[in-house]
Amino acid sequence: MPRLLHTNAFRLAALYFALFATSVLALLVFIYLSTANFVETQTEATLDAESRGLAEQYQERGLAGLIEIIQDRSAAGHGDDALYLITDPMLHRLAGNLSQWPRATQIRPGWIRFPVELQRHGASAAEDALGSVFVLPGGYRLLVGRDLSDASAFRSRILQTLAWSALATLALGVAGGLFITRNMLRRVEAVNRTSARIIHGDLSQRVPLSGSGDEFDQLAANLNAMLDQIERLMLGMRQVTDNIAHDLRTPLARLRARLEVTLFEKPDAARYAEALNETIAEADRLLQTFNALLSIAEAEAGSRREAWAIVDLAEIARTVAELYEPVADEKGLALAVETDATLPVRGDRHLLSQALANLLDNALKYTPSGKVTLTARAADDIVRIEVIDTGPGVPADRREAVFDRFVRLEGSRSTPGNGLGLSLVRAVARLHAGACWLEDNAPGLRAVLTVPMVKGESVPRLAESRSAA
Amino acid sequence: MKVLVIEDDREAAAYVVKGLSESGYVVDHAAEGRDGLFMAVSGGYDALIVDRMLPGMDGLALIASLRAAEIRTPVLILSALGAVDDRVKGLRAGGDDYLVKPFAFAELLARLEALLRRGAGGQAVTRLEVGDLEMDLLARTVRRASREVELLPREFRLLEFLMRRAGQVVTRTMLLENVWDYHFDPQTNVIDVHVSRLRQKIDKGFERPLLHTVRGAGYRLAAE
């Protein structure tokens, strides 16, 4: 409970309660004032009408007539609480159910308040009464009054009712506030408990949903979706780490073994030099793998977008093809290049060049004879690049797997490569909001890379490359 | 030639200092940024080799201070940060070349030599000559022993780069960076194929070859 006092939910509930209580009290006071006064106003109106009626009777029938009416109305049973008195100018009683002119307080001209002894249920009680005083021509005075015992009983009953309902409302308010606060706290507490478990290492924990679909459930669902994404990333990372450990450990072990074996042998300068050169070459291959992994990680992280510009993918494709043309030529392969004039895309020239180089490199490496074609064309709002070869292709069930890091097809192990080329191509494609996949060219393979095209912007004419000087 | 190596890693520094001394350079070493800056300002060096991450004063800040003091000594930056924008930042700070760690010593040596030679030249040339090989930069023609050599535009740029550094070792990475502006290593050694094509065009049919392969380093264009 002390914790409860320090929560936002409690503060909110308390504030809400204060506002609620104030308005309830204001409402009740208004009800009390208007009902309580209503009875008095009503009484006054009745008295006023009655005394005017009696005054008219006086004018029509004279004093004797009036006295007769008063005596008649004063008779018991006519009205329990009606009071009448008529006196001569010297205040001597002529008729009425009051024995003498009361000691009265004037509340305003023509209206008085006075005490009266009433016989009720066999007992006499002092009550407050309200009276209207009318001075008739000739100095005669007429007092018409009502005892206010009913009115005050009504007033106190109202007061009591209102007090009880105020108490009940406030009690319900407090209970409701506490209930809501605790309910909210319980759900926040559920999120906290889950977070704490996750912090302690159990990433499989999820925030429980109440099933109501309210804001708390939405928050919990979002948190859970975020946790799912984190878990997926962590799993991917673990896989990559395992692969790296495997693929870097193997050459490192080979490198170490070679050095050790050399040490076992008889000291021989020429043999040592050879072993050292082999070791350096092995270290260079390791570094290459390492650099490739870093490039992929960088492309996947999607950082460094400040270096992005509008680049011409057609020009990039032509330049990369030109780089590889002699390689194809030397291998006896035909390399055909077909591109649109300009294909503006927003991106990183270096990464896009490297992705295309990897695709061409693969095609040239794995095609024993025939032709490799590079096409770059606009299709709707997309630049579609295809690298088509006449090589052995990739079996349909392996066309996705080869995009994973370090995955190489059986039979390609003898060819130099680290199994990272296509991983980088896909990472670069995704970084540029594009895609990359493999298709059957029957015979051969078709690698497709798509990148969204930039519309309505021209490619700034860049120098083809940095000055050689 | 006097070179200052500013590098905090003792082993890496020893490697560079030993290699350069054996290649005939006079080498000084500073292990800390502020010492390095002080030595660079007062020492009269022909070139500086600066590690990017240094205690005391960051490598790029050091270069920026040198340039602000109008000291134009060529600077080769060494860094473990290899992304393209790291390179751009290094060159913007006033570095003249950028080499990513780890590197082959031959690469460092070739780049250092290129920097030292560049400091010597300066005026715009319109003709390059190596032995009986001539290049006219305005007409964009190449002749060897008065016989015209037909080159594709990229081959022309490749040859121009080699001719401007005649006698020096030029590495494959230097060619890839300067002739193609690529900062990644293609898996197949495409540069070798381009160079052997160029060699076909300029050396075939001549008794003395001009374009030499330097084992474990790269290429050298020279009339020997």
# chains A, B, ... in the order shown; residues from 1 in each chain; ligands from 1

$ closest_atom_pairs --of "chain B" --to "chain A" --cutoff "6 Å" --atoms "only C-alpha atoms" --output "JSON lines"
{"residue": "B:Phe161", "atom": "CA", "partner": "A:Ala468", "partner_atom": "CA", "distance": 5.6}
{"residue": "B:Asn178", "atom": "CA", "partner": "A:Ala468", "partner_atom": "CA", "distance": 5.7}
{"residue": "B:Trp180", "atom": "CA", "partner": "A:Ser465", "partner_atom": "CA", "distance": 6.0}
{"residue": "B:Asp181", "atom": "CA", "partner": "A:Ser465", "partner_atom": "CA", "distance": 5.5}

$ select_by_dssp --residues "region 30-174 of chain A" --states "alpha helix (DSSP H)" --output "CSV table (one decimal) with N, CA and C atoms, in the first residue's frame"
chain,number,residue,atom,x,y,z
A,30,PHE,N,-26.8,22.7,-4.2
A,30,PHE,CA,-27.8,23.3,-5.1
A,30,PHE,C,-29.2,22.7,-4.9
A,31,ILE,N,-29.2,21.4,-4.9
A,31,ILE,CA,-30.5,20.7,-4.7
A,31,ILE,C,-31.1,21.1,-3.4
A,32,TYR,N,-30.3,21.1,-2.3
A,32,TYR,CA,-30.8,21.4,-1.0
A,32,TYR,C,-31.4,22.8,-1.0
A,33,LEU,N,-30.7,23.8,-1.5
A,33,LEU,CA,-31.1,25.2,-1.5
A,33,LEU,C,-32.4,25.3,-2.3
A,34,SER,N,-32.5,24.7,-3.4
A,34,SER,CA,-33.7,24.9,-4.3
A,34,SER,C,-34.9,24.2,-3.7
A,35,THR,N,-34.7,23.0,-3.1
A,35,THR,CA,-35.9,22.3,-2.6
A,35,THR,C,-36.4,22.9,-1.3
A,36,ALA,N,-35.4,23.2,-0.4
A,36,ALA,CA,-35.8,23.8,0.9
A,36,ALA,C,-36.5,25.1,0.7
A,37,ASN,N,-36.0,26.0,-0.1
A,37,ASN,CA,-36.7,27.2,-0.3
A,37,ASN,C,-38.0,27.1,-1.0
A,38,PHE,N,-38.1,26.0,-1.8
A,38,PHE,CA,-39.4,25.8,-2.6
A,38,PHE,C,-40.6,25.7,-1.7
A,39,VAL,N,-40.4,25.0,-0.6
A,39,VAL,CA,-41.5,24.8,0.4
A,39,VAL,C,-41.9,26.1,1.0
A,40,GLU,N,-40.9,26.9,1.4
A,40,GLU,CA,-41.3,28.2,2.0
A,40,GLU,C,-42.0,29.1,1.0
A,41,THR,N,-41.4,29.1,-0.2
A,41,THR,CA,-42.0,30.0,-1.3
A,41,THR,C,-43.5,29.6,-1.5
A,42,GLN,N,-43.7,28.3,-1.6
A,42,GLN,CA,-45.0,27.7,-1.8
A,42,GLN,C,-46.0,28.2,-0.7
A,43,THR,N,-45.5,28.1,0.6
A,43,THR,CA,-46.3,28.5,1.7
A,43,THR,C,-46.7,30.0,1.7
A,44,GLU,N,-45.7,30.8,1.3
A,44,GLU,CA,-45.9,32.2,1.2
A,44,GLU,C,-47.0,32.5,0.2
A,45,ALA,N,-46.9,31.8,-1.0
A,45,ALA,CA,-47.8,32.1,-2.1
A,45,ALA,C,-49.2,31.7,-1.6
A,46,THR,N,-49.4,30.6,-0.9
A,46,THR,CA,-50.7,30.2,-0.4
A,46,THR,C,-51.3,31.2,0.6
A,47,LEU,N,-50.4,31.7,1.5
A,47,LEU,CA,-50.8,32.6,2.5
A,47,LEU,C,-51.3,33.9,1.8
A,48,ASP,N,-50.5,34.4,0.9
A,48,ASP,CA,-50.8,35.6,0.2
A,48,ASP,C,-52.2,35.5,-0.5
A,49,ALA,N,-52.4,34.4,-1.2
A,49,ALA,CA,-53.6,34.2,-1.9
A,49,ALA,C,-54.8,34.2,-1.0
A,50,GLU,N,-54.6,33.5,0.2
A,50,GLU,CA,-55.7,33.4,1.1
A,50,GLU,C,-56.0,34.7,1.8
A,51,SER,N,-55.0,35.5,2.2
A,51,SER,CA,-55.3,36.7,2.8
A,51,SER,C,-56.0,37.7,1.8
A,52,ARG,N,-55.6,37.7,0.6
A,52,ARG,CA,-56.2,38.5,-0.4
A,52,ARG,C,-57.7,38.1,-0.6
A,53,GLY,N,-57.9,36.8,-0.6
A,53,GLY,CA,-59.3,36.3,-0.7
A,53,GLY,C,-60.2,36.8,0.5
A,54,LEU,N,-59.6,36.7,1.7
A,54,LEU,CA,-60.3,37.2,2.9
A,54,LEU,C,-60.6,38.7,2.9
A,55,ALA,N,-59.6,39.4,2.4
A,55,ALA,CA,-59.8,40.9,2.3
A,55,ALA,C,-61.0,41.2,1.3
A,56,GLU,N,-61.1,40.4,0.3
A,56,GLU,CA,-62.2,40.7,-0.7
A,56,GLU,C,-63.5,40.3,0.0
A,57,GLN,N,-63.5,39.2,0.8
A,57,GLN,CA,-64.7,38.9,1.5
A,57,GLN,C,-65.1,40.0,2.5
A,58,TYR,N,-64.2,40.6,3.1
A,58,TYR,CA,-64.4,41.7,4.0
A,58,TYR,C,-65.1,42.8,3.3
A,59,GLN,N,-64.6,43.1,2.1
A,59,GLN,CA,-65.2,44.3,1.4
A,59,GLN,C,-66.6,43.9,0.9
A,60,GLU,N,-66.8,42.7,0.6
A,60,GLU,CA,-68.2,42.3,0.2
A,60,GLU,C,-69.2,42.2,1.3
A,61,ARG,N,-68.7,41.5,2.4
A,61,ARG,CA,-69.7,41.1,3.4
A,61,ARG,C,-69.4,41.8,4.7
A,62,GLY,N,-68.4,42.7,4.8
A,62,GLY,CA,-68.2,43.5,6.1
A,62,GLY,C,-67.5,42.6,7.1
A,63,LEU,N,-67.3,43.3,8.2
A,63,LEU,CA,-66.5,42.6,9.3
A,63,LEU,C,-67.2,41.4,9.8
A,64,ALA,N,-68.5,41.5,10.0
A,64,ALA,CA,-69.2,40.3,10.5
A,64,ALA,C,-69.1,39.1,9.6
A,65,GLY,N,-69.2,39.4,8.3
A,65,GLY,CA,-69.0,38.3,7.4
A,65,GLY,C,-67.7,37.6,7.5
A,66,LEU,N,-66.6,38.5,7.6
A,66,LEU,CA,-65.3,38.0,7.7
A,66,LEU,C,-65.1,37.2,8.9
A,67,ILE,N,-65.6,37.7,10.1
A,67,ILE,CA,-65.5,36.9,11.3
A,67,ILE,C,-66.1,35.6,11.2
A,68,GLU,N,-67.2,35.6,10.5
A,68,GLU,CA,-67.9,34.3,10.3
A,68,GLU,C,-67.1,33.3,9.5
A,69,ILE,N,-66.5,33.8,8.5
A,69,ILE,CA,-65.6,32.9,7.7
A,69,ILE,C,-64.4,32.4,8.5
A,70,ILE,N,-63.8,33.3,9.3
A,70,ILE,CA,-62.7,33.0,10.1
A,70,ILE,C,-63.1,31.9,11.1
A,71,GLN,N,-64.2,32.1,11.7
A,71,GLN,CA,-64.6,31.1,12.7
A,71,GLN,C,-64.8,29.8,12.1
A,72,ASP,N,-65.4,29.9,10.9
A,72,ASP,CA,-65.7,28.6,10.2
A,72,ASP,C,-64.4,27.9,9.8
A,73,ARG,N,-63.4,28.7,9.3
A,73,ARG,CA,-62.2,28.0,8.9
A,73,ARG,C,-61.3,27.6,10.1
A,74,SER,N,-61.5,28.3,11.2
A,74,SER,CA,-60.7,28.0,12.4
A,74,SER,C,-61.1,26.7,13.1
A,149,SER,N,-43.9,23.5,10.8
A,149,SER,CA,-43.3,22.2,11.2
A,149,SER,C,-43.1,21.2,10.1
A,150,ASP,N,-44.1,21.2,9.2
A,150,ASP,CA,-43.9,20.3,8.0
A,150,ASP,C,-42.8,20.7,7.1
A,151,ALA,N,-42.7,22.0,6.9
A,151,ALA,CA,-41.6,22.5,6.1
A,151,ALA,C,-40.3,22.2,6.7
A,152,SER,N,-40.1,22.4,8.0
A,152,SER,CA,-38.8,22.1,8.5
A,152,SER,C,-38.5,20.7,8.6
A,153,ALA,N,-39.6,19.9,8.8
A,153,ALA,CA,-39.4,18.4,8.8
A,153,ALA,C,-38.9,18.0,7.4
A,154,PHE,N,-39.6,18.6,6.4
A,154,PHE,CA,-39.2,18.3,5.0
A,154,PHE,C,-37.7,18.7,4.8
A,155,ARG,N,-37.4,19.9,5.3
A,155,ARG,CA,-36.0,20.4,5.1
A,155,ARG,C,-35.0,19.5,5.7
A,156,SER,N,-35.3,19.0,6.9
A,156,SER,CA,-34.3,18.2,7.6
A,156,SER,C,-34.2,16.8,6.9
A,157,ARG,N,-35.4,16.4,6.4
A,157,ARG,CA,-35.4,15.1,5.7
A,157,ARG,C,-34.5,15.2,4.5
A,158,ILE,N,-34.7,16.3,3.7
A,158,ILE,CA,-33.9,16.5,2.5
A,158,ILE,C,-32.4,16.5,2.9
A,159,LEU,N,-32.1,17.3,4.0
A,159,LEU,CA,-30.7,17.5,4.4
A,159,LEU,C,-30.1,16.1,4.7
A,160,GLN,N,-30.9,15.3,5.4
A,160,GLN,CA,-30.4,14.0,5.8
A,160,GLN,C,-30.2,13.1,4.5
A,161,THR,N,-31.2,13.1,3.6
A,161,THR,CA,-31.1,12.3,2.4
A,161,THR,C,-29.8,12.7,1.6
A,162,LEU,N,-29.7,14.1,1.5
A,162,LEU,CA,-28.5,14.5,0.7
A,162,LEU,C,-27.2,14.2,1.3
A,163,ALA,N,-27.2,14.3,2.7
A,163,ALA,CA,-25.9,13.9,3.4
A,163,ALA,C,-25.6,12.5,3.2
A,164,TRP,N,-26.6,11.6,3.3
A,164,TRP,CA,-26.3,10.2,3.1
A,164,TRP,C,-25.9,9.9,1.7
A,165,SER,N,-26.6,10.5,0.7
A,165,SER,CA,-26.2,10.2,-0.7
A,165,SER,C,-24.8,10.8,-0.9
A,166,ALA,N,-24.5,11.9,-0.3
A,166,ALA,CA,-23.1,12.5,-0.5
A,166,ALA,C,-22.1,11.5,0.0
A,167,LEU,N,-22.4,11.0,1.2
A,167,LEU,CA,-21.4,10.0,1.8
A,167,LEU,C,-21.3,8.8,1.0
A,168,ALA,N,-22.4,8.3,0.5
A,168,ALA,CA,-22.4,7.1,-0.3
A,168,ALA,C,-21.6,7.3,-1.6
A,169,THR,N,-21.9,8.5,-2.3
A,169,THR,CA,-21.2,8.8,-3.5
A,169,THR,C,-19.7,8.8,-3.3
A,170,LEU,N,-19.3,9.5,-2.2
A,170,LEU,CA,-17.9,9.7,-2.0
A,170,LEU,C,-17.2,8.4,-1.6
A,171,ALA,N,-17.9,7.5,-0.9
A,171,ALA,CA,-17.4,6.2,-0.5
A,171,ALA,C,-17.2,5.4,-1.8
A,172,LEU,N,-18.2,5.4,-2.7
A,172,LEU,CA,-18.1,4.7,-3.9
A,172,LEU,C,-17.0,5.3,-4.8
A,173,GLY,N,-16.8,6.6,-4.8
A,173,GLY,CA,-15.7,7.2,-5.5
A,173,GLY,C,-14.4,6.7,-5.0
A,174,VAL,N,-14.2,6.7,-3.7
A,174,VAL,CA,-12.9,6.2,-3.2
A,174,VAL,C,-12.7,4.8,-3.6

$ atom_distance --atom1 "CA of Leu143 (chain A)" --atom2 "CA of Asp128 (chain A)"
14.9 Å

$ select_by_dssp --residues "region 31-195 of chain B" --states "strand (DSSP E or B)" --output "ChimeraX atom specification"
/B:47-51,75-79,97-100,127-130,133-136,141-144,147-149,169-171

$ residues_around --residues "region 221-225 of chain A" --least-positions-apart "3" --cutoff "10 Å" --atoms "only C-alpha atoms" --output "list in words"
Val191, Ser195, Ser204, Gln205, Arg206, Val207, Pro208, Leu209, Gly213, Glu215, Phe216, Asp217, Gln218, Asp228, Gln229, Ile230 and Glu231 of chain A

$ closest_residue --among "A:Thr262, A:Thr250, A:Gln100, A:Thr7" --to "Glu282 (chain A)" --atoms "only C-alpha atoms"
A:Thr250

$ residues_around --residues "region 28-33 of chain B" --least-positions-apart "2" --cutoff "9 Å" --atoms "only C-alpha atoms" --output "PDB file with C-alpha atoms, in the first residue's frame"
ATOM      1  CA  LYS B   2      62.955  11.271 -43.430  1.00  0.00           C
ATOM      2  CA  VAL B   3      59.684   9.797 -42.275  1.00  0.00           C
ATOM      3  CA  LEU B   4      57.819  10.169 -38.972  1.00  0.00           C
ATOM      4  CA  VAL B   5      55.635   7.309 -37.807  1.00  0.00           C
ATOM      5  CA  ILE B   6      52.971   8.304 -35.252  1.00  0.00           C
ATOM      6  CA  GLU B   7      51.506   5.072 -33.943  1.00  0.00           C
ATOM      7  CA  ASP B   8      50.659   4.025 -30.384  1.00  0.00           C
ATOM      8  CA  ASP B   9      50.628   0.259 -30.890  1.00  0.00           C
ATOM      9  CA  ARG B  10      54.210  -0.729 -30.141  1.00  0.00           C
ATOM     10  CA  ALA B  13      55.063   0.725 -34.961  1.00  0.00           C
ATOM     11  CA  ALA B  14      58.100  -1.584 -34.733  1.00  0.00           C
ATOM     12  CA  VAL B  17      59.805   1.381 -38.500  1.00  0.00           C
ATOM     13  CA  VAL B  26      65.373   7.548 -41.856  1.00  0.00           C
ATOM     14  CA  ASP B  35      54.426  14.379 -29.141  1.00  0.00           C
ATOM     15  CA  GLY B  36      53.787  13.433 -32.731  1.00  0.00           C
ATOM     16  CA  LEU B  37      52.379  16.842 -33.578  1.00  0.00           C
ATOM     17  CA  PHE B  38      55.326  18.582 -31.901  1.00  0.00           C
ATOM     18  CA  MET B  39      57.840  16.440 -33.829  1.00  0.00           C
ATOM     19  CA  MET B  53      43.317   6.496 -33.143  1.00  0.00           C
ATOM     20  CA  LEU B  54      45.970   7.870 -30.851  1.00  0.00           C
ATOM     21  CA  PRO B  55      46.182   8.639 -27.163  1.00  0.00           C
ATOM     22  CA  GLY B  56      46.625  12.305 -26.295  1.00  0.00           C
ATOM     23  CA  MET B  57      45.362  13.629 -29.591  1.00  0.00           C
ATOM     24  CA  ASP B  58      43.260  11.963 -32.245  1.00  0.00           C
ATOM     25  CA  GLY B  59      45.049  11.318 -35.544  1.00  0.00           C
ATOM     26  CA  LEU B  62      46.575  16.123 -35.460  1.00  0.00           C
TER      27      LEU B  62
END

$ residues_around --residues "Leu137 (chain B)" --least-positions-apart "5" --cutoff "9 Å" --atoms "only C-alpha atoms" --output "list in words"
Val125, Thr126, Arg127, Leu128, Val142 and Glu160 of chain B

$ write_last_selection --atoms "C-alpha atoms" --output "mmCIF file, in the first residue's frame"
data_model
loop_
_atom_site.group_PDB
_atom_site.id
_atom_site.type_symbol
_atom_site.label_atom_id
_atom_site.label_comp_id
_atom_site.auth_asym_id
_atom_site.auth_seq_id
_atom_site.Cartn_x
_atom_site.Cartn_y
_atom_site.Cartn_z
ATOM 1 C CA VAL B 125 52.233 18.085 -67.793
ATOM 2 C CA THR B 126 50.861 17.363 -71.234
ATOM 3 C CA ARG B 127 53.294 14.599 -72.192
ATOM 4 C CA LEU B 128 54.559 11.538 -70.325
ATOM 5 C CA VAL B 142 50.025 6.621 -77.002
ATOM 6 C CA GLU B 160 48.586 7.112 -67.398
#

$ atom_distance --atom1 "CA of Ala220 (chain A)" --atom2 "CA of Gln239 (chain A)"
28.3 Å

$ residues_around --residues "region 67-70 of chain B" --least-positions-apart "4" --cutoff "9 Å" --atoms "only C-alpha atoms" --output "NGL selection string"
:B and (41 or 62-63 or 93-94)

$ atom_distance --atom1 "CA of Arg144 (chain B)" --atom2 "CA of Arg172 (chain B)"
24.2 Å

$ residues_around --residues "Ala299 (chain A)" --least-positions-apart "2" --cutoff "7 Å" --atoms "only C-alpha atoms" --output "PDB file with C-alpha atoms, in the first residue's frame"
ATOM      1  CA  SER A 295      30.510  -5.115 -45.351  1.00  0.00           C
ATOM      2  CA  ILE A 296      27.424  -7.319 -45.014  1.00  0.00           C
ATOM      3  CA  ALA A 297      26.896  -6.298 -41.409  1.00  0.00           C
ATOM      4  CA  ALA A 301      22.603  -2.283 -40.235  1.00  0.00           C
ATOM      5  CA  GLY A 302      21.619   0.318 -42.816  1.00  0.00           C
ATOM      6  CA  ALA A 427      21.928  -7.090 -47.898  1.00  0.00           C
ATOM      7  CA  VAL A 428      22.703  -4.277 -50.365  1.00  0.00           C
ATOM      8  CA  LEU A 431      19.325  -1.628 -47.823  1.00  0.00           C
TER       9      LEU A 431
END

$ closest_residue --among "B:Ile77, B:Val170, B:Gly205, B:Arg118" --to "Ala106 (chain B)" --atoms "only C-alpha atoms"
B:Val170

$ closest_residue --among "B:Val195, B:Ile202, B:Leu99, B:Val16" --to "Glu134 (chain B)" --atoms "only C-alpha atoms"
B:Ile202

$ closest_atom_pairs --of "region 232-336 of chain A" --to "region 378-392 of chain A" --cutoff "10 Å" --atoms "only C-alpha atoms" --output "JSON lines"
{"residue": "A:Leu313", "atom": "CA", "partner": "A:Val383", "partner_atom": "CA", "distance": 8.0}
{"residue": "A:Ala314", "atom": "CA", "partner": "A:Val383", "partner_atom": "CA", "distance": 9.1}
{"residue": "A:Ala317", "atom": "CA", "partner": "A:Ile385", "partner_atom": "CA", "distance": 8.6}
{"residue": "A:Leu333", "atom": "CA", "partner": "A:Asp389", "partner_atom": "CA", "distance": 9.9}
{"residue": "A:Ala334", "atom": "CA", "partner": "A:Asp389", "partner_atom": "CA", "distance": 9.9}
{"residue": "A:Leu335", "atom": "CA", "partner": "A:Asp389", "partner_atom": "CA", "distance": 9.4}
{"residue": "A:Ala336", "atom": "CA", "partner": "A:Ile388", "partner_atom": "CA", "distance": 9.7}

$ decode --residues "region 172-195 of chain B" --atoms "N, CA and C atoms" --output "mmCIF file, in the first residue's frame"
data_model
loop_
_atom_site.group_PDB
_atom_site.id
_atom_site.type_symbol
_atom_site.label_atom_id
_atom_site.label_comp_id
_atom_site.auth_asym_id
_atom_site.auth_seq_id
_atom_site.Cartn_x
_atom_site.Cartn_y
_atom_site.Cartn_z
ATOM 1 N N ARG B 172 47.919 -3.452 -56.602
ATOM 2 C CA ARG B 172 46.604 -3.712 -57.213
ATOM 3 C C ARG B 172 45.533 -2.835 -56.563
ATOM 4 N N THR B 173 45.617 -2.706 -55.231
ATOM 5 C CA THR B 173 44.626 -1.881 -54.541
ATOM 6 C C THR B 173 44.715 -0.431 -54.998
ATOM 7 N N MET B 174 45.959 0.066 -55.181
ATOM 8 C CA MET B 174 46.110 1.449 -55.641
ATOM 9 C C MET B 174 45.450 1.625 -57.001
ATOM 10 N N LEU B 175 45.615 0.635 -57.882
ATOM 11 C CA LEU B 175 45.004 0.730 -59.208
ATOM 12 C C LEU B 175 43.484 0.705 -59.091
ATOM 13 N N LEU B 176 42.976 -0.215 -58.281
ATOM 14 C CA LEU B 176 41.531 -0.341 -58.130
ATOM 15 C C LEU B 176 40.940 0.956 -57.567
ATOM 16 N N GLU B 177 41.651 1.549 -56.609
ATOM 17 C CA GLU B 177 41.147 2.770 -55.980
ATOM 18 C C GLU B 177 41.243 3.966 -56.911
ATOM 19 N N ASN B 178 42.353 4.067 -57.647
ATOM 20 C CA ASN B 178 42.590 5.287 -58.405
ATOM 21 C C ASN B 178 42.081 5.232 -59.832
ATOM 22 N N VAL B 179 42.119 4.059 -60.466
ATOM 23 C CA VAL B 179 41.679 3.982 -61.850
ATOM 24 C C VAL B 179 40.182 3.682 -61.914
ATOM 25 N N TRP B 180 39.688 2.913 -60.957
ATOM 26 C CA TRP B 180 38.255 2.549 -60.983
ATOM 27 C C TRP B 180 37.452 3.215 -59.868
ATOM 28 N N ASP B 181 38.141 3.766 -58.876
ATOM 29 C CA ASP B 181 37.470 4.342 -57.699
ATOM 30 C C ASP B 181 36.639 3.284 -56.969
ATOM 31 N N TYR B 182 37.136 2.066 -56.909
ATOM 32 C CA TYR B 182 36.484 1.011 -56.136
ATOM 33 C C TYR B 182 37.279 0.779 -54.855
ATOM 34 N N HIS B 183 36.539 0.633 -53.757
ATOM 35 C CA HIS B 183 37.228 0.407 -52.488
ATOM 36 C C HIS B 183 36.884 -0.951 -51.915
ATOM 37 N N PHE B 184 36.599 -1.924 -52.773
ATOM 38 C CA PHE B 184 36.368 -3.285 -52.283
ATOM 39 C C PHE B 184 37.291 -4.205 -53.067
ATOM 40 N N ASP B 185 37.579 -5.377 -52.509
ATOM 41 C CA ASP B 185 38.420 -6.253 -53.303
ATOM 42 C C ASP B 185 37.569 -7.273 -54.038
ATOM 43 N N PRO B 186 37.600 -7.231 -55.373
ATOM 44 C CA PRO B 186 36.858 -8.219 -56.139
ATOM 45 C C PRO B 186 37.485 -9.583 -55.881
ATOM 46 N N GLN B 187 36.628 -10.616 -55.836
ATOM 47 C CA GLN B 187 37.163 -11.923 -55.456
ATOM 48 C C GLN B 187 38.140 -12.453 -56.505
ATOM 49 N N THR B 188 37.763 -12.311 -57.770
ATOM 50 C CA THR B 188 38.697 -12.708 -58.817
ATOM 51 C C THR B 188 39.689 -11.569 -58.993
ATOM 52 N N ASN B 189 40.934 -11.902 -59.317
ATOM 53 C CA ASN B 189 41.864 -10.791 -59.424
ATOM 54 C C ASN B 189 41.781 -10.115 -60.783
ATOM 55 N N VAL B 190 40.772 -9.262 -60.902
ATOM 56 C CA VAL B 190 40.484 -8.620 -62.179
ATOM 57 C C VAL B 190 41.612 -7.695 -62.632
ATOM 58 N N ILE B 191 42.303 -7.094 -61.656
ATOM 59 C CA ILE B 191 43.340 -6.124 -62.022
ATOM 60 C C ILE B 191 44.454 -6.817 -62.820
ATOM 61 N N ASP B 192 44.826 -8.019 -62.373
ATOM 62 C CA ASP B 192 45.880 -8.753 -63.088
ATOM 63 C C ASP B 192 45.519 -8.936 -64.559
ATOM 64 N N VAL B 193 44.240 -9.225 -64.811
ATOM 65 C CA VAL B 193 43.807 -9.460 -66.191
ATOM 66 C C VAL B 193 43.896 -8.166 -66.999
ATOM 67 N N HIS B 194 43.488 -7.063 -66.375
ATOM 68 C CA HIS B 194 43.571 -5.772 -67.073
ATOM 69 C C HIS B 194 45.018 -5.414 -67.381
ATOM 70 N N VAL B 195 45.903 -5.650 -66.410
ATOM 71 C CA VAL B 195 47.306 -5.286 -66.615
ATOM 72 C C VAL B 195 47.916 -6.176 -67.694
#
